[in-house]
Amino acid sequence: MTTRAGQSVGIVIYSMYGHVTQLAEAEKAGIEKAGGSATIYQVAETLPEEVLQKMYAPPKPDYPVVKPSDLLKHDGILFGVATRYAGWPAQLKTFIDSLGQLWAKGSLSGKFVGAFVSSA
């Protein structure tokens, strides 16, 4: 991805075990090295805490939980995706489904969008 100096990127992730978090930090470092800025957001967790404990999931990173309006602050959006049986996790799907109002108004038009994936 090429980022022009001064461009802002919102990095939206879901990471249960930290693999996508590591990739997001590397993406952010690359964007900043190229002269841009980046903010990492996480989507809201939908699993109950007792389920996460049974899955041995570590605590979530200290990133803000993304709201649809957060995407309006940025020139582009990167989605960090952990695959679940060849699909996106439900937590990320839930967030993307919440973007319908922005899409209907054309508020996301002109923003560049990309994704990075971990299947670890």
# chains A, B, ... in the order shown; residues from 1 in each chain; ligands from 1
>>> residues_around(residues="A:Thr46", least_positions_apart="3", cutoff="12 Å", atoms="only C-alpha atoms", output="list in words")
Tyr14, Met16, Gln42, Val43, Glu49, Glu50, Val51, Leu52, Pro89, Ala90, Gln91, Leu92, Lys93, Thr94 and Phe95 of chain A
>>> write_last_selection(atoms="C-alpha atoms", output="mmCIF file, in the first residue's frame")
data_model
loop_
_atom_site.group_PDB
_atom_site.id
_atom_site.type_symbol
_atom_site.label_atom_id
_atom_site.label_comp_id
_atom_site.auth_asym_id
_atom_site.auth_seq_id
_atom_site.Cartn_x
_atom_site.Cartn_y
_atom_site.Cartn_z
ATOM 1 C CA TYR A 14 -10.534 -8.037 15.452
ATOM 2 C CA MET A 16 -8.650 -12.948 19.537
ATOM 3 C CA GLN A 42 -10.822 -2.764 17.578
ATOM 4 C CA VAL A 43 -14.371 -3.895 16.934
ATOM 5 C CA GLU A 49 -16.287 -13.253 28.944
ATOM 6 C CA GLU A 50 -16.814 -16.834 30.174
ATOM 7 C CA VAL A 51 -16.573 -18.126 26.597
ATOM 8 C CA LEU A 52 -13.386 -16.135 25.976
ATOM 9 C CA PRO A 89 -15.203 -13.311 12.267
ATOM 10 C CA ALA A 90 -18.760 -12.396 13.268
ATOM 11 C CA GLN A 91 -17.462 -9.467 15.343
ATOM 12 C CA LEU A 92 -16.051 -7.788 12.226
ATOM 13 C CA LYS A 93 -19.119 -8.652 10.141
ATOM 14 C CA THR A 94 -21.305 -7.013 12.797
ATOM 15 C CA PHE A 95 -19.278 -3.808 12.555
#
>>> select_by_dssp(residues="stretch 3-119 of chain A", states="strand (DSSP E)", output="list of chain:residue names")
A:Ser8, A:Val9, A:Gly10, A:Ile11, A:Val12, A:Ile13, A:Ser37, A:Ala38, A:Thr39, A:Ile40, A:Tyr41, A:Gln42, A:Gly76, A:Ile77, A:Leu78, A:Phe79, A:Gly80, A:Val81, A:Ala82, A:Phe112, A:Val113, A:Gly114, A:Ala115, A:Phe116, A:Val117, A:Ser118
>>> write_last_selection(atoms="N, CA and C atoms", output="PDB file, in the first residue's frame")
ATOM      1  N   SER A   8      -4.281   9.979   6.543  1.00  0.00           N
ATOM      2  CA  SER A   8      -4.655   9.304   7.782  1.00  0.00           C
ATOM      3  C   SER A   8      -5.375   8.001   7.458  1.00  0.00           C
ATOM      4  N   VAL A   9      -5.002   6.950   8.170  1.00  0.00           N
ATOM      5  CA  VAL A   9      -5.590   5.633   7.954  1.00  0.00           C
ATOM      6  C   VAL A   9      -6.185   5.127   9.264  1.00  0.00           C
ATOM      7  N   GLY A  10      -7.419   4.681   9.206  1.00  0.00           N
ATOM      8  CA  GLY A  10      -8.042   3.993  10.331  1.00  0.00           C
ATOM      9  C   GLY A  10      -7.847   2.501  10.134  1.00  0.00           C
ATOM     10  N   ILE A  11      -7.205   1.860  11.099  1.00  0.00           N
ATOM     11  CA  ILE A  11      -6.962   0.418  11.029  1.00  0.00           C
ATOM     12  C   ILE A  11      -7.970  -0.252  11.963  1.00  0.00           C
ATOM     13  N   VAL A  12      -8.867  -1.026  11.397  1.00  0.00           N
ATOM     14  CA  VAL A  12      -9.958  -1.652  12.154  1.00  0.00           C
ATOM     15  C   VAL A  12      -9.678  -3.141  12.245  1.00  0.00           C
ATOM     16  N   ILE A  13      -9.556  -3.651  13.477  1.00  0.00           N
ATOM     17  CA  ILE A  13      -9.162  -5.053  13.647  1.00  0.00           C
ATOM     18  C   ILE A  13     -10.097  -5.807  14.586  1.00  0.00           C
ATOM     19  N   SER A  37      -0.381   8.999   8.997  1.00  0.00           N
ATOM     20  CA  SER A  37      -0.728   8.730  10.392  1.00  0.00           C
ATOM     21  C   SER A  37      -1.760   7.612  10.417  1.00  0.00           C
ATOM     22  N   ALA A  38      -1.806   6.899  11.513  1.00  0.00           N
ATOM     23  CA  ALA A  38      -2.736   5.771  11.623  1.00  0.00           C
ATOM     24  C   ALA A  38      -3.229   5.629  13.051  1.00  0.00           C
ATOM     25  N   THR A  39      -4.473   5.230  13.165  1.00  0.00           N
ATOM     26  CA  THR A  39      -5.073   4.909  14.452  1.00  0.00           C
ATOM     27  C   THR A  39      -5.604   3.486  14.364  1.00  0.00           C
ATOM     28  N   ILE A  40      -5.257   2.675  15.347  1.00  0.00           N
ATOM     29  CA  ILE A  40      -5.765   1.301  15.397  1.00  0.00           C
ATOM     30  C   ILE A  40      -7.010   1.282  16.280  1.00  0.00           C
ATOM     31  N   TYR A  41      -8.065   0.710  15.740  1.00  0.00           N
ATOM     32  CA  TYR A  41      -9.317   0.513  16.462  1.00  0.00           C
ATOM     33  C   TYR A  41      -9.600  -0.981  16.520  1.00  0.00           C
ATOM     34  N   GLN A  42     -10.340  -1.385  17.542  1.00  0.00           N
ATOM     35  CA  GLN A  42     -10.822  -2.764  17.578  1.00  0.00           C
ATOM     36  C   GLN A  42     -12.347  -2.745  17.533  1.00  0.00           C
ATOM     37  N   GLY A  76      -8.425   6.773   4.590  1.00  0.00           N
ATOM     38  CA  GLY A  76      -8.524   5.386   4.177  1.00  0.00           C
ATOM     39  C   GLY A  76      -8.750   4.475   5.365  1.00  0.00           C
ATOM     40  N   ILE A  77      -9.109   3.243   5.045  1.00  0.00           N
ATOM     41  CA  ILE A  77      -9.427   2.247   6.068  1.00  0.00           C
ATOM     42  C   ILE A  77      -8.723   0.949   5.713  1.00  0.00           C
ATOM     43  N   LEU A  78      -8.089   0.341   6.710  1.00  0.00           N
ATOM     44  CA  LEU A  78      -7.526  -1.001   6.573  1.00  0.00           C
ATOM     45  C   LEU A  78      -8.249  -1.905   7.560  1.00  0.00           C
ATOM     46  N   PHE A  79      -8.692  -3.038   7.088  1.00  0.00           N
ATOM     47  CA  PHE A  79      -9.322  -4.015   7.962  1.00  0.00           C
ATOM     48  C   PHE A  79      -8.337  -5.138   8.238  1.00  0.00           C
ATOM     49  N   GLY A  80      -8.129  -5.460   9.507  1.00  0.00           N
ATOM     50  CA  GLY A  80      -7.298  -6.577   9.927  1.00  0.00           C
ATOM     51  C   GLY A  80      -8.193  -7.744  10.280  1.00  0.00           C
ATOM     52  N   VAL A  81      -8.037  -8.823   9.553  1.00  0.00           N
ATOM     53  CA  VAL A  81      -8.985  -9.932   9.620  1.00  0.00           C
ATOM     54  C   VAL A  81      -8.281 -11.217  10.034  1.00  0.00           C
ATOM     55  N   ALA A  82      -8.829 -11.870  11.037  1.00  0.00           N
ATOM     56  CA  ALA A  82      -8.419 -13.231  11.379  1.00  0.00           C
ATOM     57  C   ALA A  82      -9.452 -14.162  10.752  1.00  0.00           C
ATOM     58  N   PHE A 112      -9.823   5.167   0.376  1.00  0.00           N
ATOM     59  CA  PHE A 112      -9.220   3.900  -0.047  1.00  0.00           C
ATOM     60  C   PHE A 112      -9.417   2.875   1.053  1.00  0.00           C
ATOM     61  N   VAL A 113      -9.533   1.626   0.654  1.00  0.00           N
ATOM     62  CA  VAL A 113      -9.801   0.535   1.579  1.00  0.00           C
ATOM     63  C   VAL A 113      -8.903  -0.639   1.237  1.00  0.00           C
ATOM     64  N   GLY A 114      -8.389  -1.298   2.257  1.00  0.00           N
ATOM     65  CA  GLY A 114      -7.587  -2.487   2.072  1.00  0.00           C
ATOM     66  C   GLY A 114      -7.782  -3.432   3.239  1.00  0.00           C
ATOM     67  N   ALA A 115      -7.142  -4.575   3.151  1.00  0.00           N
ATOM     68  CA  ALA A 115      -7.253  -5.569   4.212  1.00  0.00           C
ATOM     69  C   ALA A 115      -5.962  -6.346   4.323  1.00  0.00           C
ATOM     70  N   PHE A 116      -5.700  -6.833   5.535  1.00  0.00           N
ATOM     71  CA  PHE A 116      -4.622  -7.792   5.763  1.00  0.00           C
ATOM     72  C   PHE A 116      -5.210  -8.921   6.589  1.00  0.00           C
ATOM     73  N   VAL A 117      -4.673 -10.117   6.386  1.00  0.00           N
ATOM     74  CA  VAL A 117      -5.299 -11.317   6.916  1.00  0.00           C
ATOM     75  C   VAL A 117      -4.284 -12.174   7.660  1.00  0.00           C
ATOM     76  N   SER A 118      -4.729 -12.796   8.733  1.00  0.00           N
ATOM     77  CA  SER A 118      -3.940 -13.798   9.426  1.00  0.00           C
ATOM     78  C   SER A 118      -4.781 -15.055   9.556  1.00  0.00           C
TER      79      SER A 118
END
>>> closest_residue(among="A:Ala34, A:Ala24, A:Ala29, A:Leu99", to="A:Tyr63", atoms="only C-alpha atoms")
A:Ala24
>>> select_by_dssp(residues="stretch 61-114 of chain A", states="alpha helix (DSSP H)", output="ChimeraX atom specification")
/A:90-97,100-105
>>> residues_around(residues="A:Ser98", least_positions_apart="6", cutoff="12 Å", atoms="only C-alpha atoms", output="number ranges by chain")
A: 43-44, 66-69, 71, 91-92, 104
>>> write_last_selection(atoms="N, CA, C and O atoms", output="PDB file, in the first residue's frame")
ATOM      1  N   VAL A  43     -12.914  -3.779  16.945  1.00  0.00           N
ATOM      2  CA  VAL A  43     -14.371  -3.895  16.934  1.00  0.00           C
ATOM      3  C   VAL A  43     -14.819  -4.449  18.283  1.00  0.00           C
ATOM      4  O   VAL A  43     -14.049  -5.072  19.013  1.00  0.00           O
ATOM      5  N   ALA A  44     -16.059  -4.214  18.599  1.00  0.00           N
ATOM      6  CA  ALA A  44     -16.609  -4.692  19.867  1.00  0.00           C
ATOM      7  C   ALA A  44     -16.629  -6.210  19.902  1.00  0.00           C
ATOM      8  O   ALA A  44     -16.931  -6.870  18.898  1.00  0.00           O
ATOM      9  N   VAL A  66     -14.132   0.839  17.873  1.00  0.00           N
ATOM     10  CA  VAL A  66     -14.501   1.665  16.729  1.00  0.00           C
ATOM     11  C   VAL A  66     -16.006   1.899  16.662  1.00  0.00           C
ATOM     12  O   VAL A  66     -16.799   1.015  16.985  1.00  0.00           O
ATOM     13  N   LYS A  67     -16.356   3.113  16.281  1.00  0.00           N
ATOM     14  CA  LYS A  67     -17.731   3.480  15.960  1.00  0.00           C
ATOM     15  C   LYS A  67     -17.757   3.839  14.473  1.00  0.00           C
ATOM     16  O   LYS A  67     -16.741   4.292  13.938  1.00  0.00           O
ATOM     17  N   PRO A  68     -18.865   3.651  13.799  1.00  0.00           N
ATOM     18  CA  PRO A  68     -18.900   4.009  12.378  1.00  0.00           C
ATOM     19  C   PRO A  68     -18.400   5.423  12.091  1.00  0.00           C
ATOM     20  O   PRO A  68     -17.673   5.651  11.124  1.00  0.00           O
ATOM     21  N   SER A  69     -18.743   6.371  12.937  1.00  0.00           N
ATOM     22  CA  SER A  69     -18.323   7.760  12.718  1.00  0.00           C
ATOM     23  C   SER A  69     -16.806   7.941  12.777  1.00  0.00           C
ATOM     24  O   SER A  69     -16.273   8.901  12.207  1.00  0.00           O
ATOM     25  N   LEU A  71     -14.643   6.302  11.183  1.00  0.00           N
ATOM     26  CA  LEU A  71     -14.097   6.126   9.838  1.00  0.00           C
ATOM     27  C   LEU A  71     -14.108   7.425   9.037  1.00  0.00           C
ATOM     28  O   LEU A  71     -13.318   7.595   8.108  1.00  0.00           O
ATOM     29  N   GLN A  91     -17.641 -10.780  14.727  1.00  0.00           N
ATOM     30  CA  GLN A  91     -17.462  -9.467  15.343  1.00  0.00           C
ATOM     31  C   GLN A  91     -17.192  -8.399  14.286  1.00  0.00           C
ATOM     32  O   GLN A  91     -17.712  -7.292  14.356  1.00  0.00           O
ATOM     33  N   LEU A  92     -16.366  -8.734  13.292  1.00  0.00           N
ATOM     34  CA  LEU A  92     -16.051  -7.788  12.226  1.00  0.00           C
ATOM     35  C   LEU A  92     -17.235  -7.633  11.267  1.00  0.00           C
ATOM     36  O   LEU A  92     -17.539  -6.527  10.807  1.00  0.00           O
ATOM     37  N   ALA A 104     -25.158   4.499   2.651  1.00  0.00           N
ATOM     38  CA  ALA A 104     -26.339   5.056   1.989  1.00  0.00           C
ATOM     39  C   ALA A 104     -26.178   6.544   1.704  1.00  0.00           C
ATOM     40  O   ALA A 104     -26.686   7.048   0.697  1.00  0.00           O
TER      41      ALA A 104
END
>>> decode(residues="stretch 81-101 of chain A", atoms="N, CA, C and O atoms", output="PDB file, in the first residue's frame")
ATOM      1  N   VAL A  81      -8.037  -8.823   9.553  1.00  0.00           N
ATOM      2  CA  VAL A  81      -8.985  -9.932   9.620  1.00  0.00           C
ATOM      3  C   VAL A  81      -8.281 -11.217  10.034  1.00  0.00           C
ATOM      4  O   VAL A  81      -7.290 -11.609   9.429  1.00  0.00           O
ATOM      5  N   ALA A  82      -8.829 -11.870  11.037  1.00  0.00           N
ATOM      6  CA  ALA A  82      -8.419 -13.231  11.379  1.00  0.00           C
ATOM      7  C   ALA A  82      -9.452 -14.162  10.752  1.00  0.00           C
ATOM      8  O   ALA A  82     -10.648 -13.965  10.936  1.00  0.00           O
ATOM      9  N   THR A  83      -8.998 -15.115   9.982  1.00  0.00           N
ATOM     10  CA  THR A  83      -9.956 -15.992   9.306  1.00  0.00           C
ATOM     11  C   THR A  83     -10.588 -16.968  10.283  1.00  0.00           C
ATOM     12  O   THR A  83      -9.964 -17.418  11.235  1.00  0.00           O
ATOM     13  N   ARG A  84     -11.851 -17.264  10.036  1.00  0.00           N
ATOM     14  CA  ARG A  84     -12.607 -18.261  10.793  1.00  0.00           C
ATOM     15  C   ARG A  84     -13.249 -19.188   9.764  1.00  0.00           C
ATOM     16  O   ARG A  84     -14.236 -18.807   9.145  1.00  0.00           O
ATOM     17  N   TYR A  85     -12.660 -20.355   9.568  1.00  0.00           N
ATOM     18  CA  TYR A  85     -13.187 -21.320   8.608  1.00  0.00           C
ATOM     19  C   TYR A  85     -13.423 -20.651   7.249  1.00  0.00           C
ATOM     20  O   TYR A  85     -14.492 -20.738   6.667  1.00  0.00           O
ATOM     21  N   ALA A  86     -12.406 -19.942   6.791  1.00  0.00           N
ATOM     22  CA  ALA A  86     -12.367 -19.259   5.493  1.00  0.00           C
ATOM     23  C   ALA A  86     -13.281 -18.039   5.418  1.00  0.00           C
ATOM     24  O   ALA A  86     -13.534 -17.523   4.348  1.00  0.00           O
ATOM     25  N   GLY A  87     -13.770 -17.556   6.538  1.00  0.00           N
ATOM     26  CA  GLY A  87     -14.611 -16.360   6.546  1.00  0.00           C
ATOM     27  C   GLY A  87     -14.140 -15.354   7.574  1.00  0.00           C
ATOM     28  O   GLY A  87     -13.195 -15.613   8.326  1.00  0.00           O
ATOM     29  N   TRP A  88     -14.775 -14.207   7.567  1.00  0.00           N
ATOM     30  CA  TRP A  88     -14.456 -13.171   8.545  1.00  0.00           C
ATOM     31  C   TRP A  88     -15.138 -13.494   9.871  1.00  0.00           C
ATOM     32  O   TRP A  88     -16.220 -14.090   9.886  1.00  0.00           O
ATOM     33  N   PRO A  89     -14.549 -13.086  10.975  1.00  0.00           N
ATOM     34  CA  PRO A  89     -15.203 -13.311  12.267  1.00  0.00           C
ATOM     35  C   PRO A  89     -16.507 -12.505  12.376  1.00  0.00           C
ATOM     36  O   PRO A  89     -16.628 -11.418  11.808  1.00  0.00           O
ATOM     37  N   ALA A  90     -17.454 -13.040  13.100  1.00  0.00           N
ATOM     38  CA  ALA A  90     -18.760 -12.396  13.268  1.00  0.00           C
ATOM     39  C   ALA A  90     -18.630 -10.998  13.855  1.00  0.00           C
ATOM     40  O   ALA A  90     -19.409 -10.104  13.524  1.00  0.00           O
ATOM     41  N   GLN A  91     -17.641 -10.780  14.727  1.00  0.00           N
ATOM     42  CA  GLN A  91     -17.462  -9.467  15.343  1.00  0.00           C
ATOM     43  C   GLN A  91     -17.192  -8.399  14.286  1.00  0.00           C
ATOM     44  O   GLN A  91     -17.712  -7.292  14.356  1.00  0.00           O
ATOM     45  N   LEU A  92     -16.366  -8.734  13.292  1.00  0.00           N
ATOM     46  CA  LEU A  92     -16.051  -7.788  12.226  1.00  0.00           C
ATOM     47  C   LEU A  92     -17.235  -7.633  11.267  1.00  0.00           C
ATOM     48  O   LEU A  92     -17.539  -6.527  10.807  1.00  0.00           O
ATOM     49  N   LYS A  93     -17.923  -8.725  10.993  1.00  0.00           N
ATOM     50  CA  LYS A  93     -19.119  -8.652  10.141  1.00  0.00           C
ATOM     51  C   LYS A  93     -20.167  -7.738  10.775  1.00  0.00           C
ATOM     52  O   LYS A  93     -20.827  -6.952  10.085  1.00  0.00           O
ATOM     53  N   THR A  94     -20.334  -7.848  12.086  1.00  0.00           N
ATOM     54  CA  THR A  94     -21.305  -7.013  12.797  1.00  0.00           C
ATOM     55  C   THR A  94     -20.967  -5.541  12.625  1.00  0.00           C
ATOM     56  O   THR A  94     -21.849  -4.713  12.367  1.00  0.00           O
ATOM     57  N   PHE A  95     -19.673  -5.201  12.739  1.00  0.00           N
ATOM     58  CA  PHE A  95     -19.278  -3.808  12.555  1.00  0.00           C
ATOM     59  C   PHE A  95     -19.542  -3.353  11.124  1.00  0.00           C
ATOM     60  O   PHE A  95     -20.096  -2.271  10.898  1.00  0.00           O
ATOM     61  N   ILE A  96     -19.156  -4.139  10.158  1.00  0.00           N
ATOM     62  CA  ILE A  96     -19.352  -3.752   8.756  1.00  0.00           C
ATOM     63  C   ILE A  96     -20.842  -3.570   8.459  1.00  0.00           C
ATOM     64  O   ILE A  96     -21.236  -2.642   7.755  1.00  0.00           O
ATOM     65  N   ASP A  97     -21.675  -4.435   9.022  1.00  0.00           N
ATOM     66  CA  ASP A  97     -23.119  -4.279   8.841  1.00  0.00           C
ATOM     67  C   ASP A  97     -23.621  -2.958   9.418  1.00  0.00           C
ATOM     68  O   ASP A  97     -24.609  -2.404   8.945  1.00  0.00           O
ATOM     69  N   SER A  98     -22.946  -2.428  10.426  1.00  0.00           N
ATOM     70  CA  SER A  98     -23.367  -1.166  11.047  1.00  0.00           C
ATOM     71  C   SER A  98     -23.032   0.057  10.189  1.00  0.00           C
ATOM     72  O   SER A  98     -23.423   1.173  10.531  1.00  0.00           O
ATOM     73  N   LEU A  99     -22.325  -0.143   9.093  1.00  0.00           N
ATOM     74  CA  LEU A  99     -21.912   0.973   8.240  1.00  0.00           C
ATOM     75  C   LEU A  99     -22.963   1.347   7.193  1.00  0.00           C
ATOM     76  O   LEU A  99     -22.726   2.237   6.377  1.00  0.00           O
ATOM     77  N   GLY A 100     -24.096   0.705   7.210  1.00  0.00           N
ATOM     78  CA  GLY A 100     -25.121   0.935   6.197  1.00  0.00           C
ATOM     79  C   GLY A 100     -25.535   2.390   6.053  1.00  0.00           C
ATOM     80  O   GLY A 100     -25.719   2.881   4.935  1.00  0.00           O
ATOM     81  N   GLN A 101     -25.699   3.105   7.142  1.00  0.00           N
ATOM     82  CA  GLN A 101     -26.098   4.520   7.074  1.00  0.00           C
ATOM     83  C   GLN A 101     -25.039   5.358   6.370  1.00  0.00           C
ATOM     84  O   GLN A 101     -25.364   6.227   5.564  1.00  0.00           O
TER      85      GLN A 101
END
